Amino acid sequence: MVLAKDKEIDVTKFKIEEDGSFKRPETVFRSFIEKGGIFEPEVDRYHLYVSLACPWANRTLIVRKLKGLESFVTVTVVSPRMTKTGWPFANVDEYPGADVDTLNGSEYVKDIYFKVNPDYQGRFSVPILWDKKTQTIVNNESAEIIRMFNTAFNDVLPADKAALDLYPEPLRAEIDTVNDWVYKDINNGVYRAGVAITQPAYEAAVVDVFQALDQAEKLLEGKDYLVGNTLTEADVRLFVTAIRFDVVYFGHFKCNFRTIRDGYPAIHRWLRKLYWENDAFKSTTNFDHIKVHYYWSHDFLNPHRIVPTGPIPHIREL
């Protein structure tokens with residue numbers, strides 16, 4: 001029997017439905033860091049494999065920084081130039097800001113998945129939360145990783161970091177509601193528009209994107225945060241798409257009804273305040289990696305791999 005690791009792969013192919021629309025596959029590794037569990041919260045036990053270009057990985061980097069988890073969770077960054085073989089490390093593609101995988105000696109992200117399971121059949125995605133102790137993947141679902149980061153290490157964190165709660169009990173129902181439509185029609189909606197292969201599928205998706213942005217605009221009018229009067233995971237989850245919108249999704253994914261900067265004043269103000277006033281958002285945003293990944297890696301959309309210079313600036317001052 002030929003194992004999956006020995007077969008030819010093409011990670012750039014998206015899962016397309018019969019109607020030409022894009023459907024995102026489910027993630028596979030869904031364990032949790034928890035006190036008394038298999039994966040205990042410990043200093044320097046865990047590791048994140050991320051792309052600075054990837055919005056899903058960006059979520060985990062923001063929350064890691066917000067919660068002060070740098071000594072608990074180390075990080076390796078892949079090159080933004082994803083090929084058919086997948087996300088490469090710096091020993092394969094020495095791109096500025098990319099790292100060598102010193103933990104597992106991998107050339108590509110797929111190698112980490114195949115180390116855990118040589119017949120792994122799922123997506124070779126980032127982020128990956130890796131356990132150095134048991135040498136396995138804990139979780140590769142960003143929504144669950146940020147929930148873990150929010151609470152799992154609180155007992156061993158300084159009081160100010162432990163007190164920060166991005167998913168507070170009184171706001172959970174409202175956060176979940178916002179997360180649901182933001183994911184469906186904005187986070188994933190831009191992909192549904194961008195990689196659709198029929199006109200009807202594209203048009204349906206792009207309308208959803210802007211209806212949801214209109215909804216977010218109304219929520220943020222006169223407010224600094226999406227839910228309540230405090231920073232929550234809802235802000236983190238919308239930010240990672242909003243910060244990429246004008247630089248990538250407007251042009252590359254044809255989400256071009258209007259830009260954030262000129263079409264959504266409330267979202268634009270909220271976005272800039274998070275970026276310029278909170279280092280957890282600014283320091284984890286790399287516009288070069290973002291633009292190079294999308295315009296270089298998606299050669300089915302951009303065959304000459306020309307990366308646009310603009311917009312100028314990538315983000316405006318407050």
# chains A, B, ... in the order shown; residues from 1 in each chain; ligands from 1

$ select_by_dssp --residues "range 164-212 of chain A" --states "alpha helix (DSSP H)" --output "count of residues only"
31

$ residues_around --residues "Val100 in chain A" --least-positions-apart "4" --cutoff "10 Å" --atoms "only C-alpha atoms" --output "PyMOL selection string"
chain A and resi 76-79+88-94+104-108

$ select_by_dssp --residues "range 115-215 of chain A" --states "strand (DSSP E)" --output "MDAnalysis selection string"
chainID A and resid 128:131 136:139

$ residues_around --residues "range 38-52 of chain A" --least-positions-apart "4" --cutoff "6 Å" --atoms "only C-alpha atoms" --output "list in words"
Ile33, Glu34, Ala57, Ser71, Phe72, Val73, Thr74, Val75, Thr76, Val77, Val78, Val126, Pro127, Ile128, Leu129, Trp130, Asp131, Lys132 and Phe153 of chain A

$ closest_residue --among "A:Gly68, A:Tyr249, A:Ala98, A:Val236" --to "Val156 in chain A" --atoms "only C-alpha atoms"
A:Gly68

$ atom_distance --atom1 "CA of Phe250 in chain A" --atom2 "CA of Ile290 in chain A"
13.4 Å
